[in-house]
file run-v4.txt (compact mmCIF, N, CA and C atoms and all ligand atoms)
# COMPACT_ATOMS: atom_id res chain seq x y z
N MET A 1 -140.66 57.13 29.63
CA MET A 1 -140.34 56.44 28.37
C MET A 1 -139.29 55.35 28.62
N GLY A 2 -138.16 55.74 29.23
CA GLY A 2 -137.08 54.81 29.54
C GLY A 2 -137.57 53.66 30.38
N GLN A 3 -138.47 53.95 31.32
CA GLN A 3 -138.96 52.89 32.22
C GLN A 3 -139.78 51.83 31.47
N ILE A 4 -140.47 52.27 30.45
CA ILE A 4 -141.29 51.30 29.70
C ILE A 4 -140.41 50.50 28.73
N ALA A 5 -139.47 51.20 28.13
CA ALA A 5 -138.65 50.56 27.09
C ALA A 5 -137.75 49.48 27.64
N ARG A 6 -137.22 49.66 28.84
CA ARG A 6 -136.20 48.75 29.34
C ARG A 6 -136.64 47.27 29.47
N PRO A 7 -137.80 47.05 30.09
CA PRO A 7 -138.20 45.62 30.20
C PRO A 7 -138.32 44.97 28.84
N TRP A 8 -138.81 45.71 27.87
CA TRP A 8 -138.96 45.13 26.53
C TRP A 8 -137.61 44.82 25.89
N LEU A 9 -136.67 45.72 26.21
CA LEU A 9 -135.32 45.50 25.68
C LEU A 9 -134.76 44.20 26.26
N LEU A 10 -134.96 44.04 27.57
CA LEU A 10 -134.47 42.85 28.26
C LEU A 10 -135.12 41.58 27.68
N ILE A 11 -136.43 41.65 27.51
CA ILE A 11 -137.15 40.48 26.98
C ILE A 11 -136.66 40.16 25.56
N SER A 12 -136.44 41.21 24.78
CA SER A 12 -135.96 40.97 23.40
C SER A 12 -134.61 40.27 23.41
N ILE A 13 -133.75 40.74 24.32
CA ILE A 13 -132.40 40.13 24.39
C ILE A 13 -132.52 38.65 24.77
N ILE A 14 -133.37 38.37 25.76
CA ILE A 14 -133.53 36.97 26.19
C ILE A 14 -134.07 36.12 25.04
N LEU A 15 -135.07 36.65 24.34
CA LEU A 15 -135.65 35.90 23.22
C LEU A 15 -134.63 35.66 22.12
N LEU A 16 -133.83 36.71 21.85
CA LEU A 16 -132.83 36.61 20.80
C LEU A 16 -131.77 35.57 21.17
N ALA A 17 -131.32 35.61 22.43
CA ALA A 17 -130.31 34.66 22.88
C ALA A 17 -130.86 33.24 22.79
N GLY A 18 -132.11 33.10 23.18
CA GLY A 18 -132.76 31.78 23.12
C GLY A 18 -132.83 31.28 21.69
N ALA A 19 -133.22 32.17 20.80
CA ALA A 19 -133.36 31.79 19.39
C ALA A 19 -132.01 31.38 18.82
N LEU A 20 -130.96 32.12 19.19
CA LEU A 20 -129.62 31.80 18.69
C LEU A 20 -129.17 30.44 19.20
N ALA A 21 -129.37 30.20 20.49
CA ALA A 21 -128.95 28.92 21.08
C ALA A 21 -129.71 27.78 20.43
N TRP A 22 -131.00 27.98 20.21
CA TRP A 22 -131.83 26.95 19.61
C TRP A 22 -131.36 26.68 18.18
N GLY A 23 -131.09 27.77 17.46
CA GLY A 23 -130.63 27.66 16.08
C GLY A 23 -129.35 26.87 15.99
N GLN A 24 -128.43 27.12 16.94
CA GLN A 24 -127.14 26.42 16.91
C GLN A 24 -127.28 24.94 17.18
N SER A 25 -128.05 24.60 18.23
CA SER A 25 -128.16 23.18 18.56
C SER A 25 -128.90 22.46 17.44
N ASP A 26 -129.83 23.17 16.83
CA ASP A 26 -130.57 22.59 15.71
C ASP A 26 -129.62 22.32 14.53
N ALA A 27 -128.73 23.26 14.28
CA ALA A 27 -127.81 23.10 13.15
C ALA A 27 -126.91 21.89 13.40
N ARG A 28 -126.48 21.71 14.64
CA ARG A 28 -125.61 20.57 14.96
C ARG A 28 -126.35 19.25 14.75
N ALA A 29 -127.61 19.22 15.16
CA ALA A 29 -128.37 17.98 15.06
C ALA A 29 -128.65 17.63 13.59
N VAL A 30 -128.88 18.65 12.77
CA VAL A 30 -129.28 18.39 11.40
C VAL A 30 -128.09 18.09 10.49
N THR A 31 -126.93 18.72 10.77
CA THR A 31 -125.79 18.49 9.90
C THR A 31 -124.61 17.87 10.66
N PRO A 32 -124.59 16.54 10.82
CA PRO A 32 -123.43 15.89 11.40
C PRO A 32 -122.27 15.97 10.41
N SER A 33 -121.04 15.82 10.89
CA SER A 33 -119.89 15.85 10.00
C SER A 33 -119.97 14.64 9.06
N PRO A 34 -119.30 14.69 7.90
CA PRO A 34 -119.36 13.55 6.98
C PRO A 34 -118.93 12.24 7.65
N GLY A 35 -117.90 12.32 8.51
CA GLY A 35 -117.44 11.11 9.19
C GLY A 35 -118.47 10.55 10.15
N GLU A 36 -119.15 11.46 10.84
CA GLU A 36 -120.19 11.04 11.78
C GLU A 36 -121.36 10.42 11.02
N ARG A 37 -121.65 11.00 9.86
CA ARG A 37 -122.74 10.46 9.03
C ARG A 37 -122.38 9.05 8.56
N ALA A 38 -121.13 8.86 8.16
CA ALA A 38 -120.69 7.53 7.72
C ALA A 38 -120.77 6.53 8.88
N TYR A 39 -120.46 6.99 10.07
CA TYR A 39 -120.47 6.10 11.24
C TYR A 39 -121.89 5.58 11.53
N GLN A 40 -122.88 6.28 11.03
CA GLN A 40 -124.26 5.81 11.25
C GLN A 40 -124.49 4.44 10.60
N LYS A 41 -123.59 4.04 9.73
CA LYS A 41 -123.67 2.70 9.14
C LYS A 41 -123.12 1.63 10.09
N CYS A 42 -122.46 2.03 11.14
CA CYS A 42 -121.79 1.09 12.04
C CYS A 42 -122.46 1.02 13.41
N TYR A 43 -123.14 2.09 13.82
CA TYR A 43 -123.46 2.20 15.24
C TYR A 43 -124.56 1.26 15.72
N THR A 44 -125.28 0.63 14.82
CA THR A 44 -126.26 -0.35 15.31
C THR A 44 -125.54 -1.58 15.86
N CYS A 45 -124.32 -1.83 15.43
CA CYS A 45 -123.58 -3.02 15.88
C CYS A 45 -122.35 -2.69 16.72
N HIS A 46 -121.89 -1.45 16.69
CA HIS A 46 -120.64 -1.10 17.38
C HIS A 46 -120.82 0.12 18.26
N SER A 47 -120.34 0.02 19.49
CA SER A 47 -120.33 1.18 20.39
C SER A 47 -118.99 1.89 20.26
N LEU A 48 -118.98 3.18 20.61
CA LEU A 48 -117.70 3.90 20.66
C LEU A 48 -117.29 4.12 22.11
N GLU A 49 -118.13 3.65 23.02
CA GLU A 49 -117.91 3.93 24.45
C GLU A 49 -117.05 2.88 25.13
N GLY A 50 -117.02 1.66 24.57
CA GLY A 50 -116.32 0.57 25.23
C GLY A 50 -117.15 -0.69 25.10
N PRO A 51 -116.64 -1.83 25.58
CA PRO A 51 -117.34 -3.11 25.43
C PRO A 51 -118.80 -3.02 25.90
N ASP A 52 -119.70 -3.59 25.10
CA ASP A 52 -121.13 -3.55 25.41
C ASP A 52 -121.73 -4.89 24.98
N PRO A 53 -122.12 -5.71 25.94
CA PRO A 53 -122.63 -7.06 25.61
C PRO A 53 -123.92 -7.04 24.80
N ASP A 54 -124.62 -5.89 24.77
CA ASP A 54 -125.85 -5.83 23.98
C ASP A 54 -125.57 -5.59 22.49
N MET A 55 -124.32 -5.30 22.17
CA MET A 55 -123.99 -5.00 20.78
C MET A 55 -123.53 -6.27 20.08
N GLN A 56 -123.86 -6.32 18.79
CA GLN A 56 -123.47 -7.49 18.00
C GLN A 56 -121.96 -7.53 17.74
N GLY A 57 -121.35 -6.37 17.60
CA GLY A 57 -119.91 -6.30 17.31
C GLY A 57 -119.12 -5.78 18.50
N PRO A 58 -117.79 -5.89 18.42
CA PRO A 58 -116.93 -5.34 19.48
C PRO A 58 -116.96 -3.82 19.47
N SER A 59 -116.55 -3.20 20.54
CA SER A 59 -116.51 -1.74 20.59
C SER A 59 -115.48 -1.23 19.60
N LEU A 60 -115.73 -0.04 19.05
CA LEU A 60 -114.75 0.58 18.15
C LEU A 60 -113.99 1.70 18.85
N LYS A 61 -114.06 1.70 20.18
CA LYS A 61 -113.33 2.73 20.93
C LYS A 61 -111.82 2.55 20.71
N GLY A 62 -111.16 3.58 20.27
CA GLY A 62 -109.72 3.53 20.04
C GLY A 62 -109.30 2.54 18.96
N ILE A 63 -110.21 2.26 18.01
CA ILE A 63 -109.94 1.21 17.02
C ILE A 63 -108.73 1.52 16.13
N VAL A 64 -108.51 2.80 15.83
CA VAL A 64 -107.37 3.14 14.97
C VAL A 64 -106.08 2.92 15.79
N GLY A 65 -105.31 1.91 15.38
CA GLY A 65 -104.10 1.55 16.10
C GLY A 65 -104.30 0.42 17.12
N ARG A 66 -105.56 0.01 17.32
CA ARG A 66 -105.82 -1.05 18.31
C ARG A 66 -105.44 -2.41 17.75
N LYS A 67 -105.07 -3.33 18.63
CA LYS A 67 -104.73 -4.69 18.22
C LYS A 67 -105.95 -5.36 17.60
N VAL A 68 -105.77 -6.11 16.54
CA VAL A 68 -106.87 -6.80 15.88
C VAL A 68 -107.44 -7.87 16.82
N ALA A 69 -108.77 -7.97 16.84
CA ALA A 69 -109.48 -9.01 17.61
C ALA A 69 -109.03 -9.05 19.07
N SER A 70 -109.00 -7.89 19.71
CA SER A 70 -108.41 -7.83 21.06
C SER A 70 -109.40 -7.44 22.16
N GLU A 71 -110.70 -7.32 21.84
CA GLU A 71 -111.62 -6.94 22.93
C GLU A 71 -111.85 -8.14 23.85
N ALA A 72 -111.46 -7.99 25.11
CA ALA A 72 -111.61 -9.07 26.08
C ALA A 72 -113.09 -9.42 26.22
N GLY A 73 -113.40 -10.69 26.18
CA GLY A 73 -114.79 -11.12 26.38
C GLY A 73 -115.60 -11.19 25.10
N PHE A 74 -115.08 -10.65 23.99
CA PHE A 74 -115.83 -10.74 22.74
C PHE A 74 -115.40 -12.00 21.98
N THR A 75 -116.38 -12.75 21.50
CA THR A 75 -116.07 -13.97 20.77
C THR A 75 -115.93 -13.67 19.28
N TYR A 76 -114.70 -13.56 18.85
CA TYR A 76 -114.43 -13.28 17.44
C TYR A 76 -114.53 -14.57 16.63
N SER A 77 -114.80 -14.42 15.35
CA SER A 77 -114.84 -15.58 14.46
C SER A 77 -113.42 -16.11 14.27
N GLN A 78 -113.34 -17.35 13.84
CA GLN A 78 -112.05 -17.95 13.50
C GLN A 78 -111.35 -17.10 12.43
N ALA A 79 -112.13 -16.60 11.48
CA ALA A 79 -111.56 -15.80 10.39
C ALA A 79 -110.84 -14.56 10.92
N LEU A 80 -111.47 -13.86 11.84
CA LEU A 80 -110.86 -12.64 12.36
C LEU A 80 -109.65 -12.97 13.23
N ARG A 81 -109.74 -14.09 13.98
CA ARG A 81 -108.60 -14.47 14.82
C ARG A 81 -107.39 -14.87 13.99
N SER A 82 -107.61 -15.54 12.86
CA SER A 82 -106.42 -15.87 12.07
C SER A 82 -105.89 -14.65 11.33
N TYR A 83 -106.77 -13.73 10.98
CA TYR A 83 -106.31 -12.46 10.38
C TYR A 83 -105.41 -11.72 11.37
N ALA A 84 -105.74 -11.80 12.65
CA ALA A 84 -104.96 -11.11 13.69
C ALA A 84 -103.53 -11.63 13.78
N ARG A 85 -103.31 -12.85 13.29
CA ARG A 85 -101.95 -13.40 13.35
C ARG A 85 -101.04 -12.76 12.31
N LYS A 86 -101.61 -12.32 11.19
CA LYS A 86 -100.74 -11.67 10.21
C LYS A 86 -100.83 -10.14 10.26
N GLN A 87 -101.99 -9.63 10.70
CA GLN A 87 -102.14 -8.17 10.81
C GLN A 87 -102.29 -7.84 12.30
N LYS A 88 -101.25 -7.28 12.89
CA LYS A 88 -101.28 -7.09 14.35
C LYS A 88 -102.27 -6.02 14.79
N ALA A 89 -102.23 -4.86 14.13
CA ALA A 89 -103.06 -3.74 14.60
C ALA A 89 -103.87 -3.14 13.45
N TRP A 90 -104.97 -2.48 13.84
CA TRP A 90 -105.80 -1.79 12.85
C TRP A 90 -105.19 -0.45 12.51
N ASP A 91 -104.18 -0.45 11.63
CA ASP A 91 -103.69 0.85 11.15
C ASP A 91 -104.70 1.35 10.11
N ARG A 92 -104.51 2.57 9.68
CA ARG A 92 -105.50 3.18 8.78
C ARG A 92 -105.65 2.42 7.46
N LYS A 93 -104.54 1.85 6.99
CA LYS A 93 -104.58 1.13 5.72
C LYS A 93 -105.42 -0.14 5.86
N ALA A 94 -105.15 -0.92 6.91
CA ALA A 94 -105.89 -2.17 7.13
C ALA A 94 -107.37 -1.88 7.37
N LEU A 95 -107.63 -0.85 8.15
CA LEU A 95 -109.01 -0.48 8.45
C LEU A 95 -109.76 -0.06 7.19
N GLY A 96 -109.08 0.74 6.36
CA GLY A 96 -109.69 1.21 5.12
C GLY A 96 -110.04 0.04 4.20
N ALA A 97 -109.11 -0.91 4.07
CA ALA A 97 -109.34 -2.06 3.19
C ALA A 97 -110.50 -2.91 3.72
N PHE A 98 -110.52 -3.13 5.03
CA PHE A 98 -111.57 -3.95 5.64
C PHE A 98 -112.95 -3.30 5.47
N ILE A 99 -113.02 -2.00 5.74
CA ILE A 99 -114.31 -1.30 5.63
C ILE A 99 -114.79 -1.26 4.18
N ALA A 100 -113.83 -1.20 3.24
CA ALA A 100 -114.21 -1.13 1.82
C ALA A 100 -114.92 -2.41 1.39
N ASP A 101 -114.40 -3.56 1.84
CA ASP A 101 -114.97 -4.83 1.40
C ASP A 101 -114.63 -5.91 2.44
N PRO A 102 -115.40 -5.94 3.54
CA PRO A 102 -115.06 -6.83 4.67
C PRO A 102 -114.85 -8.29 4.27
N GLN A 103 -115.72 -8.83 3.42
CA GLN A 103 -115.61 -10.26 3.10
C GLN A 103 -114.44 -10.57 2.18
N ALA A 104 -114.02 -9.60 1.37
CA ALA A 104 -112.87 -9.84 0.49
C ALA A 104 -111.59 -9.85 1.31
N VAL A 105 -111.49 -8.98 2.32
CA VAL A 105 -110.25 -8.85 3.09
C VAL A 105 -110.15 -9.96 4.14
N ILE A 106 -111.27 -10.27 4.79
CA ILE A 106 -111.27 -11.35 5.80
C ILE A 106 -112.43 -12.30 5.49
N PRO A 107 -112.20 -13.22 4.53
CA PRO A 107 -113.29 -14.12 4.13
C PRO A 107 -113.79 -14.92 5.33
N GLY A 108 -115.11 -14.99 5.45
CA GLY A 108 -115.70 -15.79 6.51
C GLY A 108 -115.87 -15.05 7.83
N ASN A 109 -115.57 -13.76 7.87
CA ASN A 109 -115.81 -13.04 9.13
C ASN A 109 -117.31 -12.88 9.36
N ARG A 110 -117.70 -12.61 10.61
CA ARG A 110 -119.12 -12.58 10.96
C ARG A 110 -119.73 -11.18 10.90
N MET A 111 -119.04 -10.23 10.34
CA MET A 111 -119.59 -8.88 10.29
C MET A 111 -120.54 -8.74 9.11
N GLY A 112 -121.81 -8.61 9.42
CA GLY A 112 -122.82 -8.53 8.37
C GLY A 112 -122.91 -7.14 7.79
N PHE A 113 -121.91 -6.76 7.07
CA PHE A 113 -121.88 -5.41 6.51
C PHE A 113 -121.27 -5.46 5.12
N PHE A 114 -121.91 -4.81 4.19
CA PHE A 114 -121.55 -4.90 2.79
C PHE A 114 -120.25 -4.16 2.44
N GLY A 115 -119.97 -3.08 3.18
CA GLY A 115 -118.76 -2.31 2.88
C GLY A 115 -119.08 -0.92 2.36
N ILE A 116 -118.10 -0.04 2.43
CA ILE A 116 -118.24 1.33 1.92
C ILE A 116 -117.28 1.47 0.76
N ARG A 117 -117.83 1.62 -0.45
CA ARG A 117 -116.98 1.63 -1.65
C ARG A 117 -116.35 2.99 -1.91
N ASN A 118 -116.97 4.04 -1.35
CA ASN A 118 -116.49 5.39 -1.62
C ASN A 118 -115.26 5.72 -0.76
N ALA A 119 -114.12 5.96 -1.42
CA ALA A 119 -112.85 6.15 -0.70
C ALA A 119 -112.87 7.37 0.22
N GLN A 120 -113.50 8.43 -0.25
CA GLN A 120 -113.54 9.64 0.58
C GLN A 120 -114.39 9.42 1.83
N GLU A 121 -115.49 8.71 1.66
CA GLU A 121 -116.35 8.43 2.80
C GLU A 121 -115.59 7.59 3.84
N ARG A 122 -114.79 6.63 3.36
CA ARG A 122 -113.99 5.79 4.27
C ARG A 122 -112.97 6.64 5.01
N GLU A 123 -112.33 7.54 4.29
CA GLU A 123 -111.32 8.39 4.91
C GLU A 123 -111.94 9.25 6.02
N GLU A 124 -113.11 9.81 5.72
CA GLU A 124 -113.77 10.66 6.71
C GLU A 124 -114.23 9.85 7.92
N LEU A 125 -114.68 8.62 7.64
CA LEU A 125 -115.10 7.74 8.74
C LEU A 125 -113.91 7.39 9.64
N ILE A 126 -112.78 7.07 9.05
CA ILE A 126 -111.60 6.69 9.83
C ILE A 126 -111.10 7.88 10.65
N ALA A 127 -111.15 9.08 10.05
CA ALA A 127 -110.76 10.28 10.80
C ALA A 127 -111.70 10.48 12.00
N TYR A 128 -112.99 10.22 11.78
CA TYR A 128 -113.97 10.35 12.87
C TYR A 128 -113.70 9.32 13.97
N LEU A 129 -113.41 8.08 13.57
CA LEU A 129 -113.12 7.03 14.55
C LEU A 129 -111.84 7.36 15.33
N ALA A 130 -110.84 7.89 14.64
CA ALA A 130 -109.58 8.24 15.31
C ALA A 130 -109.81 9.35 16.33
N ALA A 131 -110.62 10.35 15.94
CA ALA A 131 -110.88 11.47 16.85
C ALA A 131 -111.72 11.00 18.04
N ALA A 132 -112.68 10.11 17.78
CA ALA A 132 -113.53 9.62 18.86
C ALA A 132 -112.71 8.82 19.87
N GLY A 133 -111.68 8.12 19.38
CA GLY A 133 -110.84 7.32 20.26
C GLY A 133 -109.96 8.17 21.16
N GLN A 134 -109.82 9.46 20.82
CA GLN A 134 -108.96 10.33 21.62
C GLN A 134 -109.70 11.04 22.74
N LYS A 135 -111.03 11.03 22.69
CA LYS A 135 -111.79 11.60 23.82
C LYS A 135 -111.45 10.76 25.04
N ASP A 136 -111.39 11.25 26.16
CA ASP A 136 -111.04 10.63 27.45
C ASP A 136 -109.88 9.67 27.46
C1 LIG B 201 -124.55 -5.87 11.29
C2 LIG B 201 -123.62 -5.54 12.31
C3 LIG B 201 -122.37 -4.77 11.96
C4 LIG B 201 -122.25 -3.60 11.23
C5 LIG B 201 -123.35 -2.79 10.56
C6 LIG B 201 -120.85 -3.25 11.26
N1 LIG B 201 -120.14 -4.20 11.95
FE1 LIG B 201 -118.12 -4.21 12.30
N2 LIG B 201 -118.27 -6.02 13.21
C7 LIG B 201 -119.44 -6.71 13.45
C8 LIG B 201 -119.14 -7.99 14.03
C9 LIG B 201 -120.14 -9.06 14.44
C10 LIG B 201 -117.72 -8.06 14.14
C11 LIG B 201 -116.87 -9.26 14.60
C12 LIG B 201 -116.58 -10.05 13.33
C13 LIG B 201 -115.91 -11.40 13.51
O1 LIG B 201 -115.59 -11.80 14.64
O2 LIG B 201 -115.76 -12.06 12.48
C14 LIG B 201 -117.21 -6.79 13.63
C15 LIG B 201 -115.85 -6.43 13.62
C16 LIG B 201 -115.37 -5.21 13.25
C17 LIG B 201 -114.00 -4.78 13.36
C18 LIG B 201 -112.85 -5.58 13.98
C19 LIG B 201 -112.72 -5.16 15.44
C20 LIG B 201 -111.62 -5.80 16.25
O3 LIG B 201 -111.74 -5.75 17.49
O4 LIG B 201 -110.65 -6.30 15.69
C21 LIG B 201 -113.92 -3.52 12.88
C22 LIG B 201 -112.70 -2.64 12.76
C23 LIG B 201 -115.26 -3.14 12.45
N3 LIG B 201 -116.11 -4.19 12.69
C24 LIG B 201 -115.60 -1.92 11.91
C25 LIG B 201 -116.87 -1.58 11.44
C26 LIG B 201 -117.19 -0.31 10.84
C27 LIG B 201 -116.21 0.86 10.69
C28 LIG B 201 -118.51 -0.37 10.48
C29 LIG B 201 -119.33 0.69 9.76
C30 LIG B 201 -118.82 1.14 8.50
C31 LIG B 201 -119.01 -1.67 10.87
N4 LIG B 201 -117.99 -2.37 11.46
C32 LIG B 201 -120.32 -2.12 10.67
C33 LIG B 201 -120.71 -6.26 13.15
C34 LIG B 201 -121.03 -5.14 12.39

call {"tool": "encode", "arguments": {"input": "run-v4.txt", "output": "structure tokens", "more": "lines below"}}
Ligand code: HEC
result
Amino acid sequence: MGQIARPWLLISIILLAGALAWGQSDARAVTPSPGERAYQKCYTCHSLEGPDPDMQGPSLKGIVGRKVASEAGFTYSQALRSYARKQKAWDRKALGAFIADPQAVIPGNRMGFFGIRNAQEREELIAYLAAAGQKD
């Protein structure tokens, strides 16, 4: 009896472990954090990994606290470069205002994005960007 039962027990454990692992990775893929979900509005134009010439916008790696218009090799608009003269770094307040309404804060900038009007969504996005900037 014991000899027959054991292999089945082993197989059940393997199947169960597999199902659990699959369930977990599936849950991660289906439910990104609110900040990560908000970032999906940015990632077609911005990388979080570092400068990428295939991207339309500069990298957002370490953007929270980063100097405005400071990515080497990226051609910023005149509008963003003059904004950099009065606003030195992207602190959370400046970033929040810009993301809320890019053209109102920096008229004439080249970022083709309408803005995120929801304050909580902006907060979660900025927290996500700050955390992403701390990896490596
Ligand atoms: C359609 C493409 C596009 C989308 C979508 C987009 N951006 Fe941009 N973004 C740009 C471009 C292009 C620039 C450079 C603008 C300039 O030089 O005037 C820029 C500039 C920026 C800058 C200034 C960076 C620096 O180095 O000073 C920040 C911050 C930024 N974007 C954040 C965001 C965030 C956050 C989102 C998503 C909510 C987003 N962008 C969505 C294209 C985009």

call {"tool": "select_by_dssp", "arguments": {"input": "run-v4.txt", "residues": "stretch 58-94 of chain A", "states": "alpha helix (DSSP H)", "output": "ChimeraX atom specification"}}
result
/A:78-86,92-94

call {"tool": "closest_residue", "arguments": {"input": "run-v4.txt", "among": "A:Gln103, A:Thr31, A:Asn109, A:Gln78", "to": "ligand LIG 201 (chain B)", "atoms": "only C-alpha atoms and all ligand atoms"}}
result
A:Asn109

call {"tool": "residues_near_ligand", "arguments": {"input": "run-v4.txt", "ligand": "ligand LIG 201 (chain B)", "cutoff": "8 Å", "atoms": "only C-alpha atoms and all ligand atoms", "output": "PyMOL selection string"}}
result
chain A and resi 38-46+56-60+63+66-71+75-81+84+90+95+98-99+108-113+115-116+122+125-126+129

call {"tool": "write_last_selection", "arguments": {"input": "run-v4.txt", "atoms": "N, CA and C atoms", "output": "short mmCIF file (atom, residue, chain, number, x, y, z; two decimals), in the coordinates of the input"}}
result
data_model
loop_
_atom_site.label_atom_id
_atom_site.label_comp_id
_atom_site.auth_asym_id
_atom_site.auth_seq_id
_atom_site.Cartn_x
_atom_site.Cartn_y
_atom_site.Cartn_z
N ALA A 38 -121.13 8.86 8.16
CA ALA A 38 -120.69 7.53 7.72
C ALA A 38 -120.77 6.53 8.88
N TYR A 39 -120.46 6.99 10.07
CA TYR A 39 -120.47 6.10 11.24
C TYR A 39 -121.89 5.58 11.53
N GLN A 40 -122.88 6.28 11.03
CA GLN A 40 -124.26 5.81 11.25
C GLN A 40 -124.49 4.44 10.60
N LYS A 41 -123.59 4.04 9.73
CA LYS A 41 -123.67 2.70 9.14
C LYS A 41 -123.12 1.63 10.09
N CYS A 42 -122.46 2.03 11.14
CA CYS A 42 -121.79 1.09 12.04
C CYS A 42 -122.46 1.02 13.41
N TYR A 43 -123.14 2.09 13.82
CA TYR A 43 -123.46 2.20 15.24
C TYR A 43 -124.56 1.26 15.72
N THR A 44 -125.28 0.63 14.82
CA THR A 44 -126.26 -0.35 15.31
C THR A 44 -125.54 -1.58 15.86
N CYS A 45 -124.32 -1.83 15.43
CA CYS A 45 -123.58 -3.02 15.88
C CYS A 45 -122.35 -2.69 16.72
N HIS A 46 -121.89 -1.45 16.69
CA HIS A 46 -120.64 -1.10 17.38
C HIS A 46 -120.82 0.12 18.26
N GLN A 56 -123.86 -6.32 18.79
CA GLN A 56 -123.47 -7.49 18.00
C GLN A 56 -121.96 -7.53 17.74
N GLY A 57 -121.35 -6.37 17.60
CA GLY A 57 -119.91 -6.30 17.31
C GLY A 57 -119.12 -5.78 18.50
N PRO A 58 -117.79 -5.89 18.42
CA PRO A 58 -116.93 -5.34 19.48
C PRO A 58 -116.96 -3.82 19.47
N SER A 59 -116.55 -3.20 20.54
CA SER A 59 -116.51 -1.74 20.59
C SER A 59 -115.48 -1.23 19.60
N LEU A 60 -115.73 -0.04 19.05
CA LEU A 60 -114.75 0.58 18.15
C LEU A 60 -113.99 1.70 18.85
N ILE A 63 -110.21 2.26 18.01
CA ILE A 63 -109.94 1.21 17.02
C ILE A 63 -108.73 1.52 16.13
N ARG A 66 -105.56 0.01 17.32
CA ARG A 66 -105.82 -1.05 18.31
C ARG A 66 -105.44 -2.41 17.75
N LYS A 67 -105.07 -3.33 18.63
CA LYS A 67 -104.73 -4.69 18.22
C LYS A 67 -105.95 -5.36 17.60
N VAL A 68 -105.77 -6.11 16.54
CA VAL A 68 -106.87 -6.80 15.88
C VAL A 68 -107.44 -7.87 16.82
N ALA A 69 -108.77 -7.97 16.84
CA ALA A 69 -109.48 -9.01 17.61
C ALA A 69 -109.03 -9.05 19.07
N SER A 70 -109.00 -7.89 19.71
CA SER A 70 -108.41 -7.83 21.06
C SER A 70 -109.40 -7.44 22.16
N GLU A 71 -110.70 -7.32 21.84
CA GLU A 71 -111.62 -6.94 22.93
C GLU A 71 -111.85 -8.14 23.85
N THR A 75 -116.38 -12.75 21.50
CA THR A 75 -116.07 -13.97 20.77
C THR A 75 -115.93 -13.67 19.28
N TYR A 76 -114.70 -13.56 18.85
CA TYR A 76 -114.43 -13.28 17.44
C TYR A 76 -114.53 -14.57 16.63
N SER A 77 -114.80 -14.42 15.35
CA SER A 77 -114.84 -15.58 14.46
C SER A 77 -113.42 -16.11 14.27
N GLN A 78 -113.34 -17.35 13.84
CA GLN A 78 -112.05 -17.95 13.50
C GLN A 78 -111.35 -17.10 12.43
N ALA A 79 -112.13 -16.60 11.48
CA ALA A 79 -111.56 -15.80 10.39
C ALA A 79 -110.84 -14.56 10.92
N LEU A 80 -111.47 -13.86 11.84
CA LEU A 80 -110.86 -12.64 12.36
C LEU A 80 -109.65 -12.97 13.23
N ARG A 81 -109.74 -14.09 13.98
CA ARG A 81 -108.60 -14.47 14.82
C ARG A 81 -107.39 -14.87 13.99
N ALA A 84 -105.74 -11.80 12.65
CA ALA A 84 -104.96 -11.11 13.69
C ALA A 84 -103.53 -11.63 13.78
N TRP A 90 -104.97 -2.48 13.84
CA TRP A 90 -105.80 -1.79 12.85
C TRP A 90 -105.19 -0.45 12.51
N LEU A 95 -107.63 -0.85 8.15
CA LEU A 95 -109.01 -0.48 8.45
C LEU A 95 -109.76 -0.06 7.19
N PHE A 98 -110.52 -3.13 5.03
CA PHE A 98 -111.57 -3.95 5.64
C PHE A 98 -112.95 -3.30 5.47
N ILE A 99 -113.02 -2.00 5.74
CA ILE A 99 -114.31 -1.30 5.63
C ILE A 99 -114.79 -1.26 4.18
N GLY A 108 -115.11 -14.99 5.45
CA GLY A 108 -115.70 -15.79 6.51
C GLY A 108 -115.87 -15.05 7.83
N ASN A 109 -115.57 -13.76 7.87
CA ASN A 109 -115.81 -13.04 9.13
C ASN A 109 -117.31 -12.88 9.36
N ARG A 110 -117.70 -12.61 10.61
CA ARG A 110 -119.12 -12.58 10.96
C ARG A 110 -119.73 -11.18 10.90
N MET A 111 -119.04 -10.23 10.34
CA MET A 111 -119.59 -8.88 10.29
C MET A 111 -120.54 -8.74 9.11
N GLY A 112 -121.81 -8.61 9.42
CA GLY A 112 -122.82 -8.53 8.37
C GLY A 112 -122.91 -7.14 7.79
N PHE A 113 -121.91 -6.76 7.07
CA PHE A 113 -121.88 -5.41 6.51
C PHE A 113 -121.27 -5.46 5.12
N GLY A 115 -119.97 -3.08 3.18
CA GLY A 115 -118.76 -2.31 2.88
C GLY A 115 -119.08 -0.92 2.36
N ILE A 116 -118.10 -0.04 2.43
CA ILE A 116 -118.24 1.33 1.92
C ILE A 116 -117.28 1.47 0.76
N ARG A 122 -114.79 6.63 3.36
CA ARG A 122 -113.99 5.79 4.27
C ARG A 122 -112.97 6.64 5.01
N LEU A 125 -114.68 8.62 7.64
CA LEU A 125 -115.10 7.74 8.74
C LEU A 125 -113.91 7.39 9.64
N ILE A 126 -112.78 7.07 9.05
CA ILE A 126 -111.60 6.69 9.83
C ILE A 126 -111.10 7.88 10.65
N LEU A 129 -113.41 8.08 13.57
CA LEU A 129 -113.12 7.03 14.55
C LEU A 129 -111.84 7.36 15.33
#

call {"tool": "closest_residue", "arguments": {"input": "run-v4.txt", "among": "A:Gln87, A:Pro34, A:Ile106, A:Ala97", "to": "A:Gln120", "atoms": "all atoms listed in the file"}}
result
A:Pro34

call {"tool": "closest_residue", "arguments": {"input": "run-v4.txt", "among": "A:Leu15, A:Arg85, A:Ala127, A:Pro102", "to": "A:Glu36", "atoms": "only N, CA and C atoms"}}
result
A:Ala127

call {"tool": "closest_residue", "arguments": {"input": "run-v4.txt", "among": "A:Ala17, A:Val64, A:Pro32, A:Ala131", "to": "A:Ala89", "atoms": "all atoms listed in the file"}}
result
A:Val64

call {"tool": "closest_residue", "arguments": {"input": "run-v4.txt", "among": "A:Gly62, A:Asp101, A:Phe74, A:Pro7", "to": "A:Ala130", "atoms": "only N, CA and C atoms"}}
result
A:Gly62
